[in-house]
$ cat target.cif   # mmCIF, C-alpha atoms
data_work
loop_
_atom_site.group_PDB
_atom_site.id
_atom_site.type_symbol
_atom_site.label_atom_id
_atom_site.label_comp_id
_atom_site.auth_asym_id
_atom_site.auth_seq_id
_atom_site.Cartn_x
_atom_site.Cartn_y
_atom_site.Cartn_z
ATOM 1 C CA MET A 1 -23.097 6.923 1.422
ATOM 2 C CA ASN A 2 -24.087 3.367 2.385
ATOM 3 C CA HIS A 3 -21.318 0.759 2.303
ATOM 4 C CA ASN A 4 -21.542 -3.014 2.292
ATOM 5 C CA PRO A 5 -21.715 -4.512 5.822
ATOM 6 C CA LEU A 6 -18.134 -5.796 5.784
ATOM 7 C CA LEU A 7 -16.644 -2.446 4.787
ATOM 8 C CA GLN A 8 -18.886 -0.611 7.248
ATOM 9 C CA SER A 9 -17.728 -2.911 10.047
ATOM 10 C CA LEU A 10 -14.065 -2.268 9.200
ATOM 11 C CA ILE A 11 -14.696 1.487 9.159
ATOM 12 C CA GLU A 12 -16.373 1.317 12.569
ATOM 13 C CA GLN A 13 -13.405 -0.667 13.930
ATOM 14 C CA ASN A 14 -11.029 1.997 12.536
ATOM 15 C CA LYS A 15 -9.256 -0.625 10.453
ATOM 16 C CA VAL A 16 -9.900 1.207 7.199
ATOM 17 C CA SER A 17 -10.890 4.763 6.349
ATOM 18 C CA ASP A 18 -14.306 5.627 5.003
ATOM 19 C CA PRO A 19 -13.578 5.985 1.255
ATOM 20 C CA ASP A 20 -15.873 9.019 1.161
ATOM 21 C CA SER A 21 -14.051 10.821 3.975
ATOM 22 C CA ALA A 22 -11.232 13.312 3.483
ATOM 23 C CA ARG A 23 -8.741 10.759 4.798
ATOM 24 C CA GLY A 24 -10.141 8.040 2.541
ATOM 25 C CA ARG A 25 -9.930 10.244 -0.553
ATOM 26 C CA LEU A 26 -6.365 11.207 0.351
ATOM 27 C CA LEU A 27 -5.283 7.581 0.670
ATOM 28 C CA ARG A 28 -6.923 6.698 -2.634
ATOM 29 C CA GLU A 29 -5.157 9.529 -4.458
ATOM 30 C CA ALA A 30 -1.893 8.740 -2.686
ATOM 31 C CA ALA A 31 -2.067 5.140 -3.912
ATOM 32 C CA ARG A 32 -2.600 6.377 -7.468
ATOM 33 C CA LEU A 33 0.278 8.860 -7.313
ATOM 34 C CA PHE A 34 2.685 6.476 -5.598
ATOM 35 C CA ARG A 35 1.952 3.889 -8.277
ATOM 36 C CA ASP A 36 2.195 6.289 -11.214
ATOM 37 C CA LYS A 37 5.083 8.533 -10.115
ATOM 38 C CA GLY A 38 6.745 6.467 -7.418
ATOM 39 C CA TYR A 39 6.841 7.302 -3.730
ATOM 40 C CA GLU A 40 10.106 9.243 -3.829
ATOM 41 C CA ARG A 41 9.028 11.428 -6.769
ATOM 42 C CA THR A 42 5.601 12.201 -5.315
ATOM 43 C CA THR A 43 5.682 15.406 -3.295
ATOM 44 C CA VAL A 44 3.441 16.613 -0.496
ATOM 45 C CA ARG A 45 2.295 19.308 -2.907
ATOM 46 C CA ASP A 46 1.295 16.622 -5.426
ATOM 47 C CA LEU A 47 -0.758 14.840 -2.779
ATOM 48 C CA ALA A 48 -2.466 18.020 -1.640
ATOM 49 C CA ALA A 49 -3.270 19.080 -5.191
ATOM 50 C CA ALA A 50 -4.800 15.683 -5.959
ATOM 51 C CA VAL A 51 -7.423 16.150 -3.249
ATOM 52 C CA GLY A 52 -7.774 19.917 -3.655
ATOM 53 C CA ILE A 53 -6.334 21.112 -0.356
ATOM 54 C CA GLN A 54 -3.367 23.149 0.838
ATOM 55 C CA SER A 55 -0.153 21.236 1.522
ATOM 56 C CA GLY A 56 -0.244 22.044 5.216
ATOM 57 C CA SER A 57 -3.712 20.544 5.541
ATOM 58 C CA LEU A 58 -2.308 17.056 4.861
ATOM 59 C CA PHE A 59 -0.733 17.107 8.287
ATOM 60 C CA HIS A 60 -4.134 17.199 9.949
ATOM 61 C CA HIS A 61 -4.348 13.552 8.927
ATOM 62 C CA PHE A 62 -0.720 12.373 8.830
ATOM 63 C CA ARG A 63 2.514 13.657 10.338
ATOM 64 C CA THR A 64 4.756 12.609 7.430
ATOM 65 C CA LYS A 65 4.597 11.387 3.859
ATOM 66 C CA GLU A 66 5.824 7.999 5.043
ATOM 67 C CA GLU A 67 2.811 7.713 7.349
ATOM 68 C CA ILE A 68 0.613 8.121 4.281
ATOM 69 C CA LEU A 69 2.502 5.349 2.502
ATOM 70 C CA LYS A 70 2.197 3.046 5.508
ATOM 71 C CA ALA A 71 -1.523 3.779 5.846
ATOM 72 C CA VAL A 72 -2.078 2.912 2.181
ATOM 73 C CA MET A 73 -0.403 -0.453 2.754
ATOM 74 C CA VAL A 74 -1.951 -1.229 6.143
ATOM 75 C CA GLU A 75 -5.519 -0.411 5.125
ATOM 76 C CA THR A 76 -5.193 -2.350 1.893
ATOM 77 C CA ILE A 77 -3.995 -5.478 3.678
ATOM 78 C CA GLN A 78 -6.669 -5.189 6.356
ATOM 79 C CA LEU A 79 -9.454 -4.716 3.819
ATOM 80 C CA ASN A 80 -8.341 -7.560 1.578
ATOM 81 C CA THR A 81 -7.714 -9.897 4.503
ATOM 82 C CA ALA A 82 -11.251 -9.315 5.757
ATOM 83 C CA MET A 83 -12.695 -9.854 2.289
ATOM 84 C CA MET A 84 -10.717 -13.061 1.818
ATOM 85 C CA ARG A 85 -11.657 -14.420 5.235
ATOM 86 C CA ALA A 86 -15.332 -13.819 4.489
ATOM 87 C CA ALA A 87 -15.005 -15.567 1.113
ATOM 88 C CA VAL A 88 -13.195 -18.536 2.663
ATOM 89 C CA ASP A 89 -15.748 -18.870 5.463
ATOM 90 C CA ALA A 90 -18.568 -18.954 2.920
ATOM 91 C CA ALA A 91 -17.007 -21.743 0.824
ATOM 92 C CA PRO A 92 -18.217 -25.310 1.528
ATOM 93 C CA ASP A 93 -14.910 -27.195 1.238
ATOM 94 C CA MET A 94 -11.160 -26.774 0.750
ATOM 95 C CA HIS A 95 -11.474 -26.765 -3.031
ATOM 96 C CA GLY A 96 -14.029 -23.966 -2.859
ATOM 97 C CA LYS A 97 -11.951 -22.098 -0.302
ATOM 98 C CA LEU A 98 -8.919 -22.036 -2.601
ATOM 99 C CA LYS A 99 -10.964 -20.825 -5.536
ATOM 100 C CA ALA A 100 -12.446 -18.143 -3.270
ATOM 101 C CA LEU A 101 -8.930 -16.997 -2.323
ATOM 102 C CA VAL A 102 -7.778 -16.945 -5.946
ATOM 103 C CA LEU A 103 -10.820 -14.935 -7.033
ATOM 104 C CA ALA A 104 -10.543 -12.522 -4.108
ATOM 105 C CA GLU A 105 -6.881 -11.828 -4.847
ATOM 106 C CA LEU A 106 -7.623 -11.344 -8.537
ATOM 107 C CA GLU A 107 -10.326 -8.856 -7.593
ATOM 108 C CA SER A 108 -7.996 -7.000 -5.228
ATOM 109 C CA VAL A 109 -5.244 -6.777 -7.850
ATOM 110 C CA ASN A 110 -7.501 -5.807 -10.751
ATOM 111 C CA GLY A 111 -10.213 -3.922 -8.856
ATOM 112 C CA GLN A 112 -10.539 -0.946 -6.568
ATOM 113 C CA THR A 113 -7.463 -1.750 -4.478
ATOM 114 C CA GLY A 114 -5.241 -2.515 -7.475
ATOM 115 C CA GLU A 115 -3.230 0.699 -7.218
ATOM 116 C CA ALA A 116 -2.643 0.207 -3.501
ATOM 117 C CA MET A 117 -1.666 -3.435 -4.047
ATOM 118 C CA ALA A 118 0.931 -2.322 -6.596
ATOM 119 C CA VAL A 119 2.284 0.218 -4.105
ATOM 120 C CA LEU A 120 2.547 -2.532 -1.498
ATOM 121 C CA VAL A 121 4.749 -4.554 -3.833
ATOM 122 C CA TYR A 122 6.890 -1.876 -5.446
ATOM 123 C CA GLU A 123 7.318 0.680 -2.655
ATOM 124 C CA TRP A 124 8.032 -1.740 0.179
ATOM 125 C CA ARG A 125 11.651 -0.580 0.519
ATOM 126 C CA SER A 126 10.512 3.019 0.996
ATOM 127 C CA LEU A 127 9.191 2.182 4.469
ATOM 128 C CA SER A 128 11.388 2.456 7.542
ATOM 129 C CA SER A 129 12.360 -0.775 9.291
ATOM 130 C CA ALA A 130 9.851 -0.118 12.085
ATOM 131 C CA ALA A 131 7.031 0.466 9.616
ATOM 132 C CA GLN A 132 8.000 -2.645 7.658
ATOM 133 C CA GLU A 133 7.701 -4.713 10.829
ATOM 134 C CA GLU A 134 4.174 -3.430 11.436
ATOM 135 C CA VAL A 135 3.110 -4.240 7.892
ATOM 136 C CA LEU A 136 4.761 -7.666 8.022
ATOM 137 C CA VAL A 137 2.603 -8.682 10.977
ATOM 138 C CA LEU A 138 -0.523 -7.962 8.923
ATOM 139 C CA ARG A 139 0.918 -9.602 5.818
ATOM 140 C CA ASP A 140 1.613 -12.773 7.790
ATOM 141 C CA ILE A 141 -2.056 -12.961 8.804
ATOM 142 C CA TYR A 142 -3.051 -12.533 5.148
ATOM 143 C CA GLU A 143 -0.637 -15.217 3.993
ATOM 144 C CA GLN A 144 -1.706 -17.643 6.716
ATOM 145 C CA LEU A 145 -5.184 -17.732 5.179
ATOM 146 C CA TRP A 146 -3.599 -19.104 2.016
ATOM 147 C CA MET A 147 -1.345 -21.557 3.807
ATOM 148 C CA ASP A 148 -4.179 -22.984 5.907
ATOM 149 C CA VAL A 149 -6.190 -23.764 2.783
ATOM 150 C CA LEU A 150 -3.256 -25.062 0.718
ATOM 151 C CA CYS A 151 -2.083 -27.288 3.572
ATOM 152 C CA GLY A 152 -5.637 -28.523 3.988
ATOM 153 C CA LEU A 153 -5.743 -29.533 0.321
ATOM 154 C CA GLN A 154 -2.396 -31.283 0.689
ATOM 155 C CA GLU A 155 -3.674 -33.241 3.697
ATOM 156 C CA GLU A 156 -6.687 -34.333 1.645
ATOM 157 C CA GLY A 157 -4.338 -35.548 -1.093
ATOM 158 C CA ALA A 158 -5.726 -33.049 -3.606
ATOM 159 C CA LEU A 159 -2.541 -30.965 -3.817
ATOM 160 C CA GLN A 160 0.735 -32.706 -4.564
ATOM 161 C CA ALA A 161 3.098 -29.715 -4.668
ATOM 162 C CA ASP A 162 4.612 -28.001 -1.644
ATOM 163 C CA PRO A 163 2.023 -25.475 -0.329
ATOM 164 C CA PHE A 164 4.694 -22.832 0.309
ATOM 165 C CA ILE A 165 5.978 -23.061 -3.268
ATOM 166 C CA VAL A 166 2.445 -23.031 -4.660
ATOM 167 C CA ARG A 167 1.673 -19.849 -2.767
ATOM 168 C CA ARG A 168 4.872 -18.143 -3.909
ATOM 169 C CA MET A 169 4.113 -19.049 -7.524
ATOM 170 C CA LEU A 170 0.524 -17.865 -7.218
ATOM 171 C CA THR A 171 1.618 -14.587 -5.651
ATOM 172 C CA GLY A 172 3.649 -13.724 -8.728
ATOM 173 C CA ALA A 173 1.163 -15.033 -11.258
ATOM 174 C CA LEU A 174 -1.893 -13.336 -9.774
ATOM 175 C CA SER A 175 -0.087 -10.032 -9.215
ATOM 176 C CA TRP A 176 1.135 -10.021 -12.813
ATOM 177 C CA THR A 177 -2.422 -10.176 -14.207
ATOM 178 C CA ILE A 178 -2.623 -6.412 -13.759
ATOM 179 C CA THR A 179 -0.271 -6.084 -16.740
ATOM 180 C CA TRP A 180 -2.287 -8.161 -19.220
ATOM 181 C CA TYR A 181 -5.816 -8.916 -17.998
ATOM 182 C CA ARG A 182 -8.504 -6.817 -19.697
ATOM 183 C CA PRO A 183 -11.837 -6.568 -17.832
ATOM 184 C CA GLN A 184 -13.626 -5.755 -21.095
ATOM 185 C CA GLY A 185 -12.352 -8.979 -22.670
ATOM 186 C CA PRO A 186 -14.260 -12.249 -23.126
ATOM 187 C CA MET A 187 -13.271 -13.756 -19.763
ATOM 188 C CA GLY A 188 -14.354 -12.445 -16.389
ATOM 189 C CA LEU A 189 -12.347 -12.835 -13.206
ATOM 190 C CA GLY A 190 -14.429 -15.855 -12.253
ATOM 191 C CA GLY A 191 -13.384 -17.562 -15.454
ATOM 192 C CA LEU A 192 -9.787 -16.602 -14.831
ATOM 193 C CA ALA A 193 -10.006 -18.156 -11.358
ATOM 194 C CA ASP A 194 -11.318 -21.347 -13.002
ATOM 195 C CA GLN A 195 -8.266 -21.396 -15.254
ATOM 196 C CA VAL A 196 -5.956 -21.091 -12.247
ATOM 197 C CA MET A 197 -7.671 -24.069 -10.636
ATOM 198 C CA LEU A 198 -7.225 -26.036 -13.856
ATOM 199 C CA MET A 199 -3.517 -25.182 -13.913
ATOM 200 C CA LEU A 200 -3.209 -26.490 -10.365
ATOM 201 C CA GLY A 201 -4.962 -29.709 -11.355
ATOM 202 C CA LEU A 202 -7.806 -28.909 -8.968
ATOM 203 C CA SER A 203 -10.745 -28.717 -11.363
ATOM 204 C CA ARG A 204 -13.623 -31.069 -10.626
ATOM 205 C CA ASN A 205 -14.365 -33.877 -13.047
ATOM 206 C CA GLY A 206 -11.942 -32.365 -15.548
ATOM 207 C CA LYS A 207 -14.123 -29.286 -15.885
ATOM 208 C CA SER A 208 -13.909 -25.751 -14.611
ATOM 209 C CA SER A 209 -14.716 -25.554 -10.913
#
$ encode --input "target.cif" --output "C-alpha cells"
Amino acid sequence: MNHNPLLQSLIEQNKVSDPDSARGRLLREAARLFRDKGYERTTVRDLAAAVGIQSGSLFHHFRTKEEILKAVMVETIQLNTAMMRAAVDAAPDMHGKLKALVLAELESVNGQTGEAMAVLVYEWRSLSSAAQEEVLVLRDIYEQLWMDVLCGLQEEGALQADPFIVRRMLTGALSWTITWYRPQGPMGLGGLADQVMLMLGLSRNGKSS
C-alpha cells in the first residue's frame, strides 16, 4: 500500500513501523487494548488474539510486553513530531506556526494515533525507569517545537502569558478534547483550532485565523 511521503520516509528510517506490516498491526491493536483494558490487565494472549496469531509468535517482534508498550509510545511520538515539524515549516509566520501545532495535536489526539496518545498519557508509570528516560528524550524534542514557537510569539509581543504555562494549559485542554469532541458535529478540527487561537487572543483582526 502506498503511504504519504512523510510516513514512507519515517518507515524507511525505521522510526515507525509500516502500519500494514505484522509489527504495525500489532502496535495498533496493542494501543487499542492498552487504552481500553489498561496495560496491566492486557495479557500476551489478548494481544496475540487481536492480530490472529499464537502467543509465542509475538516474541518474534518483541521480547516482552513492556517492549510493546514502549514501542507504541516511541513510534507515536516520532510520527507526531515529524508531522508537527512539517506543519510548522510550512507555515509563513509564528502565528501560523502555532495554529499548525494546535491543529496537528488535535488531529493526533482525535485521529489515527488517538489511542496511542491516550496510552502515552495514562500508562506512563507502567514503563521501567530506563524506558521512561528513552521516551522522555523524544518527548523533549516534541515539546521544544511548541516552546520555540510560543517563545517566538512572546518575543514579537503577540503572547503576553508565560510560554511554559501556556503549553502546560494547552496540553491538558487539547488532550481532553478526546472526551467531548465529535467529528460528526458542526465544527471540524480546523474550526476548533481557530477557537483555541481566539482563546489565546491570537486571532487576526478579531476574526478566526
$ atom_distance --input "target.cif" --atom1 "atom CA of A:Gln13" --atom2 "atom CA of A:Ala116"
20.5 Å
$ atom_distance --input "target.cif" --atom1 "atom CA of A:Ala118" --atom2 "atom CA of A:Ile178"
9.0 Å
$ closest_atom_pairs --input "target.cif" --of "stretch 101-156 of chain A" --to "stretch 17-28 of chain A" --cutoff "10 Å" --atoms "all atoms listed in the file" --output "tab-separated table"
residue	atom	partner	partner_atom	distance
A:Gln112	CA	A:Arg28	CA	9.3
A:Thr113	CA	A:Arg28	CA	8.7
A:Glu115	CA	A:Arg28	CA	8.4
A:Ala116	CA	A:Arg28	CA	7.8
$ residues_around --input "target.cif" --residues "A:Thr81" --least-positions-apart "4" --cutoff "10 Å" --atoms "only C-alpha atoms" --output "list of chain:residue names"
A:Glu75, A:Thr76, A:Ile77, A:Arg85, A:Ala86, A:Ala87, A:Leu101, A:Ala104, A:Glu105, A:Leu138, A:Arg139, A:Ile141, A:Tyr142, A:Glu143, A:Leu145
$ closest_atom_pairs --input "target.cif" --of "stretch 106-166 of chain A" --to "stretch 35-58 of chain A" --cutoff "10 Å" --atoms "all atoms listed in the file" --output "Markdown table"
| residue | atom | partner | partner_atom | distance |
| --- | --- | --- | --- | --- |
| A:Gly114 | CA | A:Arg35 | CA | 9.7 |
| A:Glu115 | CA | A:Arg35 | CA | 6.2 |
| A:Ala116 | CA | A:Arg35 | CA | 7.6 |
| A:Met117 | CA | A:Arg35 | CA | 9.2 |
| A:Ala118 | CA | A:Arg35 | CA | 6.5 |
| A:Val119 | CA | A:Arg35 | CA | 5.6 |
| A:Leu120 | CA | A:Arg35 | CA | 9.4 |
| A:Val121 | CA | A:Arg35 | CA | 9.9 |
| A:Tyr122 | CA | A:Arg35 | CA | 8.1 |
| A:Glu123 | CA | A:Tyr39 | CA | 6.7 |
| A:Trp124 | CA | A:Tyr39 | CA | 9.9 |
| A:Ser126 | CA | A:Tyr39 | CA | 7.4 |
| A:Leu127 | CA | A:Tyr39 | CA | 9.9 |
$ atom_distance --input "target.cif" --atom1 "atom CA of A:Leu174" --atom2 "atom CA of A:Ala71"
23.2 Å
$ resolve_selection --input "target.cif" --expression "the PyMOL selection byres ((chain A and resi 96) around 12)" --output "VMD selection string"
chain A and resid 87 to 95 97 to 103 149 to 150 152 to 153 193 to 194 197 202 to 204 208 to 209
$ write_last_selection --input "target.cif" --atoms "C-alpha atoms" --output "PDB file, in the frame of the given file"
ATOM      1  CA  ALA A  87     -15.005 -15.567   1.113  1.00  0.00           C
ATOM      2  CA  VAL A  88     -13.195 -18.536   2.663  1.00  0.00           C
ATOM      3  CA  ASP A  89     -15.748 -18.870   5.463  1.00  0.00           C
ATOM      4  CA  ALA A  90     -18.568 -18.954   2.920  1.00  0.00           C
ATOM      5  CA  ALA A  91     -17.007 -21.743   0.824  1.00  0.00           C
ATOM      6  CA  PRO A  92     -18.217 -25.310   1.528  1.00  0.00           C
ATOM      7  CA  ASP A  93     -14.910 -27.195   1.238  1.00  0.00           C
ATOM      8  CA  MET A  94     -11.160 -26.774   0.750  1.00  0.00           C
ATOM      9  CA  HIS A  95     -11.474 -26.765  -3.031  1.00  0.00           C
ATOM     10  CA  LYS A  97     -11.951 -22.098  -0.302  1.00  0.00           C
ATOM     11  CA  LEU A  98      -8.919 -22.036  -2.601  1.00  0.00           C
ATOM     12  CA  LYS A  99     -10.964 -20.825  -5.536  1.00  0.00           C
ATOM     13  CA  ALA A 100     -12.446 -18.143  -3.270  1.00  0.00           C
ATOM     14  CA  LEU A 101      -8.930 -16.997  -2.323  1.00  0.00           C
ATOM     15  CA  VAL A 102      -7.778 -16.945  -5.946  1.00  0.00           C
ATOM     16  CA  LEU A 103     -10.820 -14.935  -7.033  1.00  0.00           C
ATOM     17  CA  VAL A 149      -6.190 -23.764   2.783  1.00  0.00           C
ATOM     18  CA  LEU A 150      -3.256 -25.062   0.718  1.00  0.00           C
ATOM     19  CA  GLY A 152      -5.637 -28.523   3.988  1.00  0.00           C
ATOM     20  CA  LEU A 153      -5.743 -29.533   0.321  1.00  0.00           C
ATOM     21  CA  ALA A 193     -10.006 -18.156 -11.358  1.00  0.00           C
ATOM     22  CA  ASP A 194     -11.318 -21.347 -13.002  1.00  0.00           C
ATOM     23  CA  MET A 197      -7.671 -24.069 -10.636  1.00  0.00           C
ATOM     24  CA  LEU A 202      -7.806 -28.909  -8.968  1.00  0.00           C
ATOM     25  CA  SER A 203     -10.745 -28.717 -11.363  1.00  0.00           C
ATOM     26  CA  ARG A 204     -13.623 -31.069 -10.626  1.00  0.00           C
ATOM     27  CA  SER A 208     -13.909 -25.751 -14.611  1.00  0.00           C
ATOM     28  CA  SER A 209     -14.716 -25.554 -10.913  1.00  0.00           C
TER      29      SER A 209
END
$ closest_residue --input "target.cif" --among "A:Val135, A:Val72, A:Leu200, A:Leu192" --to "A:Val166" --atoms "all atoms listed in the file"
A:Leu200
$ closest_residue --input "target.cif" --among "A:Ala131, A:Leu106, A:Leu33, A:Met199" --to "A:Met73" --atoms "only C-alpha atoms"
A:Ala131
$ closest_residue --input "target.cif" --among "A:Trp146, A:Ser128, A:Asn110, A:Ala158" --to "A:Thr179" --atoms "only C-alpha atoms"
A:Asn110
$ closest_residue --input "target.cif" --among "A:His61, A:Pro186, A:Lys70, A:Gln195" --to "A:Glu133" --atoms "only C-alpha atoms"
A:Lys70
$ closest_residue --input "target.cif" --among "A:Pro5, A:Met187, A:Met84, A:Gly111" --to "A:Gln144" --atoms "all atoms listed in the file"
A:Met84
$ decode --input "target.cif" --residues "stretch 56-149 of chain A" --atoms "C-alpha atoms" --output "PDB file, in the first residue's frame"
ATOM      1  CA  GLY A  56       4.554 -17.234  21.155  1.00  0.00           C
ATOM      2  CA  SER A  57       4.656 -15.507  17.781  1.00  0.00           C
ATOM      3  CA  LEU A  58       4.569 -12.089  19.485  1.00  0.00           C
ATOM      4  CA  PHE A  59       8.122 -12.649  20.616  1.00  0.00           C
ATOM      5  CA  HIS A  60       9.357 -12.654  17.036  1.00  0.00           C
ATOM      6  CA  HIS A  61       8.766  -8.910  17.192  1.00  0.00           C
ATOM      7  CA  PHE A  62       9.232  -8.022  20.874  1.00  0.00           C
ATOM      8  CA  ARG A  63      10.937  -9.722  23.804  1.00  0.00           C
ATOM      9  CA  THR A  64       8.455  -8.538  26.454  1.00  0.00           C
ATOM     10  CA  LYS A  65       5.064  -6.915  26.821  1.00  0.00           C
ATOM     11  CA  GLU A  66       6.783  -3.791  28.113  1.00  0.00           C
ATOM     12  CA  GLU A  67       8.743  -3.524  24.862  1.00  0.00           C
ATOM     13  CA  ILE A  68       5.415  -3.408  23.040  1.00  0.00           C
ATOM     14  CA  LEU A  69       4.215  -0.615  25.315  1.00  0.00           C
ATOM     15  CA  LYS A  70       7.421   1.354  24.792  1.00  0.00           C
ATOM     16  CA  ALA A  71       7.236   0.888  21.018  1.00  0.00           C
ATOM     17  CA  VAL A  72       3.664   2.202  20.981  1.00  0.00           C
ATOM     18  CA  MET A  73       4.828   5.336  22.791  1.00  0.00           C
ATOM     19  CA  VAL A  74       8.084   5.850  20.888  1.00  0.00           C
ATOM     20  CA  GLU A  75       6.570   5.439  17.429  1.00  0.00           C
ATOM     21  CA  THR A  76       3.655   7.696  18.281  1.00  0.00           C
ATOM     22  CA  ILE A  77       5.932  10.498  19.452  1.00  0.00           C
ATOM     23  CA  GLN A  78       8.228  10.127  16.452  1.00  0.00           C
ATOM     24  CA  LEU A  79       5.348  10.165  13.979  1.00  0.00           C
ATOM     25  CA  ASN A  80       3.611  13.144  15.547  1.00  0.00           C
ATOM     26  CA  THR A  81       6.849  15.081  15.960  1.00  0.00           C
ATOM     27  CA  ALA A  82       7.606  14.648  12.264  1.00  0.00           C
ATOM     28  CA  MET A  83       4.086  15.686  11.300  1.00  0.00           C
ATOM     29  CA  MET A  84       4.238  18.756  13.529  1.00  0.00           C
ATOM     30  CA  ARG A  85       7.662  19.795  12.264  1.00  0.00           C
ATOM     31  CA  ALA A  86       6.430  19.578   8.678  1.00  0.00           C
ATOM     32  CA  ALA A  87       3.350  21.661   9.537  1.00  0.00           C
ATOM     33  CA  VAL A  88       5.446  24.283  11.332  1.00  0.00           C
ATOM     34  CA  ASP A  89       7.952  24.505   8.480  1.00  0.00           C
ATOM     35  CA  ALA A  90       5.129  25.099   6.009  1.00  0.00           C
ATOM     36  CA  ALA A  91       3.580  27.972   7.999  1.00  0.00           C
ATOM     37  CA  PRO A  92       4.566  31.523   6.950  1.00  0.00           C
ATOM     38  CA  ASP A  93       4.890  33.157  10.384  1.00  0.00           C
ATOM     39  CA  MET A  94       4.791  32.494  14.130  1.00  0.00           C
ATOM     40  CA  HIS A  95       1.026  32.933  14.288  1.00  0.00           C
ATOM     41  CA  GLY A  96       0.562  30.347  11.552  1.00  0.00           C
ATOM     42  CA  LYS A  97       3.097  28.044  13.168  1.00  0.00           C
ATOM     43  CA  LEU A  98       1.174  27.997  16.451  1.00  0.00           C
ATOM     44  CA  LYS A  99      -2.103  27.290  14.711  1.00  0.00           C
ATOM     45  CA  ALA A 100      -0.365  24.499  12.785  1.00  0.00           C
ATOM     46  CA  LEU A 101       0.837  22.976  16.073  1.00  0.00           C
ATOM     47  CA  VAL A 102      -2.608  23.238  17.659  1.00  0.00           C
ATOM     48  CA  LEU A 103      -4.274  21.612  14.650  1.00  0.00           C
ATOM     49  CA  ALA A 104      -1.650  18.873  14.401  1.00  0.00           C
ATOM     50  CA  GLU A 105      -2.040  17.974  18.073  1.00  0.00           C
ATOM     51  CA  LEU A 106      -5.822  17.968  17.764  1.00  0.00           C
ATOM     52  CA  GLU A 107      -5.504  15.614  14.807  1.00  0.00           C
ATOM     53  CA  SER A 108      -3.127  13.325  16.698  1.00  0.00           C
ATOM     54  CA  VAL A 109      -5.421  13.176  19.733  1.00  0.00           C
ATOM     55  CA  ASN A 110      -8.659  12.722  17.794  1.00  0.00           C
ATOM     56  CA  GLY A 111      -7.332  10.861  14.749  1.00  0.00           C
ATOM     57  CA  GLN A 112      -5.475   7.682  13.945  1.00  0.00           C
ATOM     58  CA  THR A 113      -2.961   7.998  16.785  1.00  0.00           C
ATOM     59  CA  GLY A 114      -5.567   8.913  19.407  1.00  0.00           C
ATOM     60  CA  GLU A 115      -5.469   5.540  21.154  1.00  0.00           C
ATOM     61  CA  ALA A 116      -1.677   5.563  21.306  1.00  0.00           C
ATOM     62  CA  MET A 117      -1.663   9.154  22.582  1.00  0.00           C
ATOM     63  CA  ALA A 118      -4.009   8.128  25.396  1.00  0.00           C
ATOM     64  CA  VAL A 119      -1.705   5.225  26.258  1.00  0.00           C
ATOM     65  CA  LEU A 120       1.229   7.635  26.377  1.00  0.00           C
ATOM     66  CA  VAL A 121      -0.575   9.723  28.981  1.00  0.00           C
ATOM     67  CA  TYR A 122      -2.241   7.080  31.124  1.00  0.00           C
ATOM     68  CA  GLU A 123       0.251   4.202  31.031  1.00  0.00           C
ATOM     69  CA  TRP A 124       3.420   6.224  31.547  1.00  0.00           C
ATOM     70  CA  ARG A 125       4.033   4.746  35.011  1.00  0.00           C
ATOM     71  CA  SER A 126       3.937   1.220  33.586  1.00  0.00           C
ATOM     72  CA  LEU A 127       7.310   1.765  31.902  1.00  0.00           C
ATOM     73  CA  SER A 128      10.560   0.973  33.678  1.00  0.00           C
ATOM     74  CA  SER A 129      12.788   3.900  34.636  1.00  0.00           C
ATOM     75  CA  ALA A 130      15.173   3.137  31.762  1.00  0.00           C
ATOM     76  CA  ALA A 131      12.342   3.062  29.238  1.00  0.00           C
ATOM     77  CA  GLN A 132      10.900   6.285  30.646  1.00  0.00           C
ATOM     78  CA  GLU A 133      14.241   8.001  30.093  1.00  0.00           C
ATOM     79  CA  GLU A 134      14.277   6.946  26.441  1.00  0.00           C
ATOM     80  CA  VAL A 135      10.757   8.230  25.882  1.00  0.00           C
ATOM     81  CA  LEU A 136      11.491  11.476  27.726  1.00  0.00           C
ATOM     82  CA  VAL A 137      14.278  12.325  25.290  1.00  0.00           C
ATOM     83  CA  LEU A 138      11.804  12.092  22.403  1.00  0.00           C
ATOM     84  CA  ARG A 139       9.108  13.949  24.323  1.00  0.00           C
ATOM     85  CA  ASP A 140      11.515  16.813  24.976  1.00  0.00           C
ATOM     86  CA  ILE A 141      12.114  17.180  21.229  1.00  0.00           C
ATOM     87  CA  TYR A 142       8.343  17.246  20.670  1.00  0.00           C
ATOM     88  CA  GLU A 143       7.808  19.840  23.382  1.00  0.00           C
ATOM     89  CA  GLN A 144      10.662  22.024  22.145  1.00  0.00           C
ATOM     90  CA  LEU A 145       8.756  22.563  18.899  1.00  0.00           C
ATOM     91  CA  TRP A 146       5.986  24.149  20.951  1.00  0.00           C
ATOM     92  CA  MET A 147       8.309  26.197  23.123  1.00  0.00           C
ATOM     93  CA  ASP A 148      10.224  27.602  20.150  1.00  0.00           C
ATOM     94  CA  VAL A 149       7.006  28.886  18.599  1.00  0.00           C
TER      95      VAL A 149
END
